[in-house]
>>> print(open('final-v4.cif').read())   # mmCIF, C-alpha atoms
data_work
loop_
_atom_site.label_atom_id
_atom_site.label_comp_id
_atom_site.auth_asym_id
_atom_site.auth_seq_id
_atom_site.Cartn_x
_atom_site.Cartn_y
_atom_site.Cartn_z
CA MET X 1 38.39 27.48 17.15
CA ARG X 2 40.25 28.09 13.92
CA ILE X 3 39.40 24.58 12.75
CA ILE X 4 35.72 25.22 13.47
CA ALA X 5 35.86 28.56 11.66
CA ILE X 6 37.36 26.94 8.56
CA MET X 7 34.78 24.16 8.72
CA ILE X 8 31.91 26.68 8.92
CA ARG X 9 33.28 28.69 5.97
CA VAL X 10 33.59 25.59 3.76
CA LEU X 11 30.11 24.39 4.69
CA LYS X 12 28.63 27.78 3.81
CA GLU X 13 30.33 27.68 0.41
CA LEU X 14 29.00 24.18 -0.22
CA LEU X 15 25.48 25.15 0.82
CA ARG X 16 25.57 28.06 -1.61
CA ASP X 17 26.63 25.73 -4.44
CA LYS X 18 23.29 24.12 -5.25
CA ARG X 19 24.65 22.22 -8.26
CA THR X 20 27.34 20.51 -6.20
CA LEU X 21 24.84 19.51 -3.54
CA ALA X 22 22.46 18.12 -6.15
CA LEU X 23 25.22 16.07 -7.81
CA MET X 24 26.50 14.77 -4.47
CA PHE X 25 23.11 13.49 -3.32
CA LEU X 26 21.17 12.76 -6.50
CA ALA X 27 23.89 11.12 -8.63
CA PRO X 28 24.42 8.08 -6.33
CA ILE X 29 20.65 7.57 -6.05
CA LEU X 30 20.28 7.70 -9.84
CA ILE X 31 23.06 5.16 -10.40
CA LEU X 32 21.68 2.80 -7.74
CA PHE X 33 18.23 3.05 -9.32
CA LEU X 34 19.61 2.23 -12.76
CA MET X 35 21.63 -0.71 -11.43
CA ASN X 36 18.57 -2.11 -9.67
CA ALA X 37 16.42 -1.75 -12.79
CA ILE X 38 19.07 -3.36 -15.02
CA PHE X 39 20.19 -6.28 -12.88
CA SER X 40 16.77 -7.22 -11.53
CA SER X 41 15.22 -7.43 -15.01
CA ASN X 42 18.04 -9.39 -16.64
CA SER X 43 18.20 -12.70 -14.80
CA THR X 44 17.83 -15.12 -17.70
CA THR X 45 19.73 -15.95 -20.88
CA ASN X 46 17.70 -16.77 -23.99
CA VAL X 47 19.34 -18.77 -26.75
CA THR X 48 18.25 -19.71 -30.27
CA ILE X 49 19.54 -22.97 -31.74
CA GLY X 50 19.41 -23.86 -35.41
CA THR X 51 19.04 -27.59 -36.12
CA VAL X 52 20.01 -29.55 -39.23
CA SER X 53 19.08 -33.22 -39.87
CA LEU X 54 17.71 -33.73 -36.35
CA SER X 55 14.81 -36.02 -35.59
CA GLN X 56 11.48 -34.54 -34.65
CA ALA X 57 11.77 -36.02 -31.17
CA MET X 58 15.18 -34.41 -30.63
CA ASN X 59 13.90 -31.03 -31.81
CA LYS X 60 11.01 -31.26 -29.35
CA LYS X 61 13.33 -32.14 -26.48
CA LEU X 62 15.58 -29.18 -27.31
CA GLY X 63 12.58 -26.86 -27.49
CA LYS X 64 11.39 -27.99 -24.07
CA GLY X 65 14.50 -26.49 -22.48
CA ASN X 66 14.05 -23.28 -20.49
CA HIS X 67 14.67 -20.12 -22.54
CA VAL X 68 15.59 -22.18 -25.62
CA ASP X 69 14.14 -21.45 -29.06
CA VAL X 70 14.65 -23.97 -31.88
CA LYS X 71 14.72 -23.13 -35.58
CA LEU X 72 14.80 -25.90 -38.21
CA TYR X 73 16.95 -25.54 -41.36
CA ASP X 74 17.06 -27.74 -44.44
CA SER X 75 20.82 -27.41 -44.91
CA LYS X 76 23.87 -26.39 -42.93
CA THR X 77 24.55 -23.61 -45.44
CA ALA X 78 21.25 -21.93 -44.60
CA ALA X 79 21.95 -22.34 -40.89
CA GLU X 80 25.44 -20.83 -41.26
CA LYS X 81 23.96 -17.78 -43.00
CA ALA X 82 21.55 -17.33 -40.10
CA LEU X 83 24.44 -17.73 -37.65
CA LYS X 84 26.47 -15.08 -39.46
CA LYS X 85 23.52 -12.68 -39.38
CA THR X 86 23.18 -13.35 -35.59
CA HIS X 87 19.66 -14.78 -36.04
CA ILE X 88 20.75 -17.86 -34.08
CA ASP X 89 23.41 -18.52 -31.45
CA ALA X 90 24.49 -22.01 -32.47
CA ILE X 91 23.96 -24.82 -35.00
CA ILE X 92 23.51 -28.48 -34.12
CA GLN X 93 23.78 -31.09 -36.89
CA LYS X 94 23.46 -34.86 -36.61
CA LYS X 95 25.94 -37.02 -38.49
CA HIS X 96 25.31 -40.75 -38.12
CA ASN X 97 25.00 -41.16 -34.34
CA ASP X 98 27.13 -38.11 -33.48
CA TYR X 99 26.35 -34.41 -33.15
CA ILE X 100 28.31 -31.42 -34.44
CA LEU X 101 27.81 -28.13 -32.61
CA THR X 102 28.89 -24.82 -34.15
CA HIS X 103 28.82 -21.89 -31.72
CA ALA X 104 28.91 -18.19 -32.59
CA ASN X 105 30.72 -17.86 -29.22
CA THR X 106 30.38 -14.08 -29.13
CA ASP X 107 28.84 -14.51 -25.68
CA SER X 108 30.30 -17.25 -23.48
CA THR X 109 27.13 -17.24 -21.36
CA LYS X 110 25.02 -18.23 -24.37
CA THR X 111 27.60 -20.81 -25.46
CA THR X 112 27.37 -22.47 -22.04
CA ALA X 113 23.57 -22.34 -22.17
CA VAL X 114 23.54 -24.03 -25.60
CA LYS X 115 25.84 -26.82 -24.39
CA MET X 116 23.64 -27.38 -21.36
CA ALA X 117 20.47 -27.46 -23.49
CA VAL X 118 21.97 -30.06 -25.84
CA LYS X 119 23.22 -32.15 -22.94
CA ASN X 120 19.80 -32.10 -21.29
CA ALA X 121 18.09 -33.04 -24.55
CA LEU X 122 20.47 -35.99 -25.09
CA THR X 123 19.94 -37.12 -21.52
CA ALA X 124 16.18 -37.00 -22.01
CA ARG X 125 16.54 -38.94 -25.27
CA GLY X 126 18.74 -41.55 -23.57
CA THR X 127 16.20 -41.94 -20.79
CA ALA X 128 13.40 -42.45 -23.31
CA GLU X 129 15.45 -45.00 -25.24
CA LEU X 130 16.28 -46.81 -22.00
CA LYS X 131 12.59 -47.10 -21.21
CA THR X 132 11.95 -48.40 -24.73
CA GLY X 133 14.78 -50.92 -24.31
CA LEU X 134 13.36 -52.12 -21.01
CA LYS X 135 9.96 -52.59 -22.61
CA THR X 136 11.56 -54.54 -25.46
CA SER X 137 13.50 -56.68 -22.98
CA THR X 138 10.35 -57.40 -21.02
CA THR X 139 8.54 -58.42 -24.22
CA VAL X 140 11.37 -60.73 -25.31
CA ILE X 141 11.62 -62.30 -21.85
CA GLY X 142 7.87 -62.95 -21.92
CA LYS X 143 8.23 -64.66 -25.28
CA LEU X 144 11.08 -66.80 -23.98
CA ARG X 145 9.04 -67.86 -20.98
CA HIS X 146 6.15 -68.75 -23.27
CA GLN X 147 8.53 -70.80 -25.44
CA LEU X 148 9.88 -72.58 -22.36
CA THR X 149 6.37 -73.44 -21.25
CA ILE X 150 5.56 -74.90 -24.66
CA THR X 151 8.85 -76.79 -24.58
CA SER X 152 8.08 -78.26 -21.16
CA LYS X 153 4.69 -79.51 -22.33
CA ALA X 154 6.24 -80.96 -25.46
CA LEU X 155 8.87 -82.75 -23.35
CA ALA X 156 6.19 -84.36 -21.21
CA LYS X 157 4.37 -85.70 -24.26
CA LEU X 158 7.34 -86.55 -26.43
CA GLN X 159 10.06 -87.88 -24.12
CA PHE X 160 11.87 -89.68 -26.89
CA GLN X 161 12.44 -86.28 -28.64
CA VAL X 162 13.62 -84.41 -25.49
CA ALA X 163 17.24 -83.93 -26.55
CA LYS X 164 16.41 -82.75 -30.06
CA SER X 165 13.62 -80.38 -28.94
CA THR X 166 15.77 -78.90 -26.15
CA ASN X 167 18.63 -78.08 -28.54
CA GLN X 168 16.27 -76.26 -30.93
CA LYS X 169 14.71 -74.16 -28.14
CA VAL X 170 18.05 -73.25 -26.67
CA LYS X 171 19.24 -72.10 -30.09
CA THR X 172 16.08 -70.07 -30.53
CA SER X 173 16.50 -68.51 -27.08
CA LYS X 174 20.13 -67.64 -27.76
CA SER X 175 19.18 -66.14 -31.10
CA ASN X 176 16.56 -63.93 -29.48
CA HIS X 177 18.98 -62.95 -26.70
CA VAL X 178 21.62 -61.86 -29.20
CA THR X 179 19.08 -59.81 -31.09
CA LEU X 180 18.10 -58.03 -27.85
CA ALA X 181 21.72 -57.30 -27.00
CA GLN X 182 22.31 -55.85 -30.46
CA VAL X 183 19.24 -53.64 -30.20
CA SER X 184 20.23 -52.48 -26.72
CA SER X 185 23.78 -51.69 -27.79
CA LYS X 186 22.49 -49.63 -30.70
CA LYS X 187 19.98 -47.80 -28.58
CA MET X 188 22.35 -47.08 -25.68
CA ALA X 189 25.41 -46.07 -27.73
CA THR X 190 26.68 -42.74 -26.34
CA PRO X 191 26.73 -40.10 -29.09
CA LYS X 192 29.88 -38.04 -29.56
CA ILE X 193 29.51 -34.24 -29.45
CA THR X 194 32.02 -32.14 -31.40
CA ASN X 195 32.15 -28.39 -30.70
CA HIS X 196 33.29 -25.80 -33.23
CA TYR X 197 33.58 -22.05 -32.60
CA VAL X 198 33.21 -19.21 -35.09
CA TYR X 199 34.98 -16.84 -32.69
CA GLY X 200 37.61 -17.87 -30.16
CA ASP X 201 37.70 -21.33 -28.65
CA ALA X 202 36.45 -23.28 -25.65
CA ASN X 203 38.44 -20.97 -23.34
CA THR X 204 36.73 -17.79 -24.55
CA SER X 205 35.33 -16.01 -21.49
CA PHE X 206 32.83 -13.26 -20.79
CA PHE X 207 35.73 -10.81 -20.64
CA ASP X 208 36.30 -11.35 -24.37
CA LYS X 209 32.75 -10.12 -24.98
CA MET X 210 33.38 -7.10 -22.76
CA LEU X 211 36.67 -6.12 -24.41
CA PRO X 212 35.24 -4.33 -27.49
CA ILE X 213 32.91 -2.31 -25.26
CA LEU X 214 35.49 -1.60 -22.55
CA MET X 215 37.89 -0.44 -25.24
CA GLY X 216 35.37 2.18 -26.37
CA PHE X 217 34.48 3.11 -22.79
CA PHE X 218 38.06 3.95 -21.84
CA VAL X 219 38.54 5.91 -25.06
CA PHE X 220 35.36 7.88 -24.33
CA PHE X 221 36.08 8.40 -20.62
CA PHE X 222 39.61 9.75 -20.83
CA VAL X 223 39.04 11.93 -23.90
CA PHE X 224 35.88 13.33 -22.29
CA LEU X 225 37.69 14.06 -19.04
CA ILE X 226 40.84 15.57 -20.54
CA SER X 227 39.04 17.80 -23.06
CA GLY X 228 36.51 19.03 -20.50
CA MET X 229 39.15 19.78 -17.87
CA ALA X 230 41.46 21.51 -20.35
CA LEU X 231 38.80 23.85 -21.75
CA LEU X 232 37.54 24.58 -18.25
CA LYS X 233 41.05 25.64 -17.26
CA GLU X 234 41.22 27.87 -20.34
CA ARG X 235 38.00 29.55 -19.30
CA THR X 236 38.73 29.96 -15.58
CA SER X 237 42.22 31.30 -16.27
CA GLY X 238 40.85 33.98 -18.59
CA THR X 239 42.49 32.62 -21.74
CA LEU X 240 39.14 31.93 -23.40
CA ASP X 241 37.88 35.45 -22.55
CA ARG X 242 40.94 37.03 -24.15
CA LEU X 243 40.45 34.81 -27.21
CA LEU X 244 36.81 35.82 -27.43
CA ALA X 245 37.86 39.47 -27.39
CA THR X 246 39.48 38.97 -30.80
CA PRO X 247 37.58 38.95 -34.15
CA VAL X 248 37.80 35.17 -34.32
CA LYS X 249 34.49 33.40 -34.97
CA ARG X 250 32.87 31.00 -32.52
CA TYR X 251 33.02 28.03 -34.90
CA GLU X 252 36.73 28.72 -35.47
CA ILE X 253 37.33 28.50 -31.71
CA VAL X 254 35.40 25.25 -31.41
CA PHE X 255 37.08 23.65 -34.43
CA GLY X 256 40.48 24.83 -33.24
CA TYR X 257 40.05 23.25 -29.82
CA MET X 258 38.63 20.07 -31.31
CA ALA X 259 41.49 19.79 -33.80
CA SER X 260 44.18 20.23 -31.12
CA TYR X 261 42.67 17.82 -28.63
CA GLY X 262 41.66 15.56 -31.51
CA ILE X 263 45.31 14.97 -32.38
CA LEU X 264 45.98 13.83 -28.81
CA ALA X 265 42.82 11.70 -28.93
CA ILE X 266 44.12 9.93 -32.05
CA PHE X 267 47.32 8.84 -30.32
CA GLN X 268 45.45 7.84 -27.18
CA THR X 269 42.88 5.83 -29.13
CA VAL X 270 45.47 4.00 -31.21
CA LEU X 271 47.42 3.17 -28.04
CA ILE X 272 44.35 1.78 -26.24
CA VAL X 273 43.32 -0.32 -29.26
CA LEU X 274 46.80 -1.76 -29.82
CA VAL X 275 47.27 -2.59 -26.13
CA THR X 276 43.87 -4.31 -26.05
CA VAL X 277 44.56 -6.38 -29.15
CA TRP X 278 48.26 -7.20 -28.77
CA LEU X 279 49.03 -7.17 -25.04
CA LEU X 280 45.69 -8.56 -23.84
CA GLY X 281 45.62 -11.04 -26.74
CA ALA X 282 42.12 -10.21 -27.99
CA GLU X 283 41.23 -12.14 -31.15
CA VAL X 284 40.26 -9.96 -34.10
CA VAL X 285 38.38 -11.63 -36.95
CA GLY X 286 37.94 -8.43 -38.94
CA SER X 287 40.16 -5.44 -39.74
CA LEU X 288 42.21 -3.77 -37.01
CA PHE X 289 42.14 -0.56 -39.04
CA SER X 290 38.32 -0.56 -38.94
CA ILE X 291 38.40 -0.93 -35.16
CA ILE X 292 40.71 2.07 -34.87
CA LEU X 293 38.47 4.17 -37.14
CA ILE X 294 35.33 3.42 -35.10
CA ASN X 295 37.08 4.26 -31.83
CA LEU X 296 38.51 7.45 -33.34
CA LEU X 297 34.99 8.52 -34.26
CA LEU X 298 33.87 7.77 -30.70
CA ALA X 299 36.84 9.79 -29.36
CA LEU X 300 35.72 12.81 -31.39
CA VAL X 301 32.20 12.42 -29.97
CA ALA X 302 33.67 12.30 -26.44
CA LEU X 303 35.79 15.35 -27.24
CA ALA X 304 32.78 17.38 -28.34
CA PHE X 305 30.77 16.13 -25.35
CA GLY X 306 33.51 17.07 -22.88
CA ILE X 307 33.87 20.56 -24.33
CA LEU X 308 30.09 21.05 -24.19
CA LEU X 309 29.71 20.00 -20.57
CA SER X 310 32.70 22.08 -19.49
CA THR X 311 30.65 25.18 -20.34
CA PHE X 312 28.20 24.22 -17.57
CA ALA X 313 30.89 23.67 -14.93
CA SER X 314 32.44 26.50 -12.93
CA SER X 315 35.22 24.39 -11.40
CA GLU X 316 37.15 21.14 -11.87
CA PHE X 317 35.19 19.67 -9.00
CA GLN X 318 31.91 20.24 -10.80
CA MET X 319 33.38 18.79 -14.00
CA MET X 320 34.30 15.63 -12.10
CA GLN X 321 30.76 15.41 -10.77
CA PHE X 322 29.43 15.06 -14.31
CA ILE X 323 31.17 11.67 -14.54
CA PRO X 324 28.61 9.68 -12.48
CA LEU X 325 25.76 11.36 -14.33
CA VAL X 326 27.06 11.21 -17.89
CA VAL X 327 29.83 8.61 -18.20
CA ILE X 328 29.07 5.81 -15.72
CA PRO X 329 25.44 5.20 -16.86
CA GLN X 330 26.73 4.63 -20.39
CA ILE X 331 28.56 1.49 -19.32
CA PHE X 332 25.24 -0.04 -18.22
CA PHE X 333 23.57 0.66 -21.56
CA SER X 334 26.55 -0.11 -23.79
CA GLY X 335 25.79 -3.83 -24.22
CA ILE X 336 28.07 -5.30 -21.55
CA ILE X 337 24.87 -6.30 -19.78
CA PRO X 338 22.53 -7.92 -22.40
CA LEU X 339 19.58 -5.68 -23.17
CA ASP X 340 17.30 -8.47 -24.45
CA GLN X 341 15.39 -9.02 -21.23
CA MET X 342 15.32 -5.43 -20.01
CA ALA X 343 12.26 -3.24 -19.79
CA SER X 344 11.38 -1.28 -22.93
CA TRP X 345 12.14 2.08 -21.30
CA ILE X 346 15.65 0.89 -20.45
CA LYS X 347 16.20 -0.18 -24.06
CA THR X 348 15.01 3.25 -25.19
CA ILE X 349 17.68 4.94 -23.07
CA SER X 350 20.37 2.78 -24.67
CA TYR X 351 19.57 4.27 -28.10
CA ILE X 352 20.91 7.68 -27.00
CA VAL X 353 24.19 6.27 -25.67
CA PRO X 354 27.17 6.73 -28.06
CA ILE X 355 29.15 3.85 -26.54
CA LYS X 356 26.37 1.40 -27.47
CA TYR X 357 26.83 2.09 -31.18
CA SER X 358 30.63 1.97 -31.06
CA GLY X 359 30.46 -1.21 -28.96
CA ASP X 360 28.08 -2.88 -31.43
CA ALA X 361 30.28 -1.88 -34.36
CA VAL X 362 33.59 -3.00 -32.79
CA THR X 363 32.01 -6.26 -31.57
CA ALA X 364 30.79 -7.00 -35.10
CA ILE X 365 34.27 -6.32 -36.50
CA MET X 366 36.19 -8.27 -33.86
CA MET X 367 33.92 -11.27 -33.48
CA ARG X 368 32.15 -11.62 -36.83
CA GLY X 369 34.59 -9.97 -39.23
CA ALA X 370 32.09 -7.32 -40.36
CA GLY X 371 33.27 -4.61 -42.73
CA LEU X 372 32.63 -0.87 -42.47
CA SER X 373 30.10 -1.09 -45.31
CA SER X 374 27.83 -3.28 -43.15
CA LEU X 375 27.99 -0.86 -40.18
CA GLY X 376 26.21 2.04 -41.83
CA LEU X 377 23.71 2.55 -38.99
CA GLU X 378 26.31 2.68 -36.23
CA ILE X 379 28.65 4.98 -38.15
CA THR X 380 25.80 7.30 -39.17
CA VAL X 381 24.56 7.62 -35.59
CA LEU X 382 28.06 8.39 -34.28
CA PHE X 383 28.50 11.05 -36.96
CA GLY X 384 25.10 12.42 -35.95
CA PHE X 385 26.23 12.71 -32.32
CA LEU X 386 29.40 14.49 -33.44
CA ILE X 387 27.57 17.02 -35.63
CA VAL X 388 24.90 17.80 -33.02
CA LEU X 389 27.40 18.20 -30.17
CA THR X 390 29.69 20.38 -32.28
CA PHE X 391 26.75 22.62 -33.20
CA LEU X 392 25.76 22.88 -29.52
CA ASN X 393 29.32 23.86 -28.66
CA ILE X 394 29.22 26.71 -31.18
CA VAL X 395 25.85 27.88 -29.86
CA GLY X 396 27.06 27.48 -26.26
CA LEU X 397 29.78 30.09 -26.74
CA LYS X 398 27.04 32.71 -27.11
CA ARG X 399 26.87 32.96 -23.34
CA TYR X 400 30.43 34.28 -23.36
CA ARG X 401 30.33 36.39 -26.51
CA LYS X 402 27.47 37.22 -28.85
CA VAL X 403 29.54 37.56 -32.01
#
>>> encode(input="final-v4.cif", output="structure tokens")
Amino acid sequence: MRIIAIMIRVLKELLRDKRTLALMFLAPILILFLMNAIFSSNSTTNVTIGTVSLSQAMNKKLGKGNHVDVKLYDSKTAAEKALKKTHIDAIIQKKHNDYILTHANTDSTKTTAVKMAVKNALTARGTAELKTGLKTSTTVIGKLRHQLTITSKALAKLQFQVAKSTNQKVKTSKSNHVTLAQVSSKKMATPKITNHYVYGDANTSFFDKMLPILMGFFVFFFVFLISGMALLKERTSGTLDRLLATPVKRYEIVFGYMASYGILAIFQTVLIVLVTVWLLGAEVVGSLFSIILINLLLALVALAFGILLSTFASSEFQMMQFIPLVVIPQIFFSGIIPLDQMASWIKTISYIVPIKYSGDAVTAIMMRGAGLSSLGLEITVLFGFLIVLTFLNIVGLKRYRKV
């Protein structure tokens, strides 16, 4: 009976907590809906290949590949500039009978797709050349038969010149046969494909693409959680109320909390970045210091976000329930799953996700060696998030004290 009484009391408390009930039942449905929308609309990988010194036939065969776009360049220098600006995913250049492939390799899925497209195009070219060779062989064989027929008639009429005529025809036949063999060997020579990689090597996996984004996600998640929980404890324990009873200004309280937790966020961010780069062996083309700065900016955004949401939670349990609504969806829109083939409304959501901008910036630094000066958009947006969230935190304290 006591067990039943306790059960009834807890159920009544849960039923009175409408926010908890909503988060328990609506959050999983929302996440499942987002996952269905994202994964069902992103089933293909589109690649763009820049070609240099390729024949028109080879360009056509490459363009016939599924989800393959071909762009022609006059020189490799122009193609390399396009590759650096991420306008194309790879460069293919013909040198004699061989092909040189240069991959951006920032996405192993696209690298594999480019290799497959080139392989299919070469196979199609080889098949076409084989057909041409067979036609040539058939033509030469027909000529040889015609020559043999003429020779036979000549032998019947001129028996005294049989030996001499036969030797001449045999020489002619052998000469034609050698010519055919030379043509066939030239046509059927297997081209050599050499692969070069701007980032990483042939062993670069999809996890390498995820690392810059996962780095930012863990920085955001733990700073968000720790700051939100800590301020919530300050409020529920009465510490914040006693602080608000003093003449201190609201902005001073917010900046004070952000400065204190910001110091911890700095150490946490530096630790996560260094472990990712050194222990996990992530290759960094650009500046490690730039990576730390971008993630520090993201940590401050997470700090302000956590403090803001803690004002809407009345318990640690409710604060935890914000995670599936606020944190988990960000991983889907951060760029881990390519956004190219998603619906326009899904792309629109990604523009209000802080991790997307930090992920884009860190990816550009790690994989393409971009400098901070070329990441003005991403840095500006992150600063915008920080300013707006800090302002909302100051305004949010009005519900506790109107001073």
>>> atom_distance(input="final-v4.cif", atom1="CA of Ala304 (chain X)", atom2="CA of Tyr257 (chain X)")
9.5 Å
>>> residues_around(input="final-v4.cif", residues="Ile263 (chain X)", least_positions_apart="5", cutoff="12 Å", atoms="all atoms listed in the file", output="number ranges by chain")
X: 223, 227, 256-258, 268-270, 296, 299-300, 303
>>> residues_around(input="final-v4.cif", residues="region 217-220 of chain X", least_positions_apart="2", cutoff="10 Å", atoms="only C-alpha atoms", output="VMD selection string")
chain X and resid 211 to 215 222 to 225 265 to 266 268 to 273 295 to 303 305 to 306 327 to 328 330 to 331 334 354 to 356 358 to 359
>>> atom_distance(input="final-v4.cif", atom1="CA of Arg145 (chain X)", atom2="CA of Gly126 (chain X)")
28.2 Å
>>> closest_residue(input="final-v4.cif", among="X:Leu34, X:Ala282, X:Ile3, X:Ala124", to="Trp345 (chain X)", atoms="all atoms listed in the file")
X:Leu34
>>> atom_distance(input="final-v4.cif", atom1="CA of His196 (chain X)", atom2="CA of Thr363 (chain X)")
19.7 Å
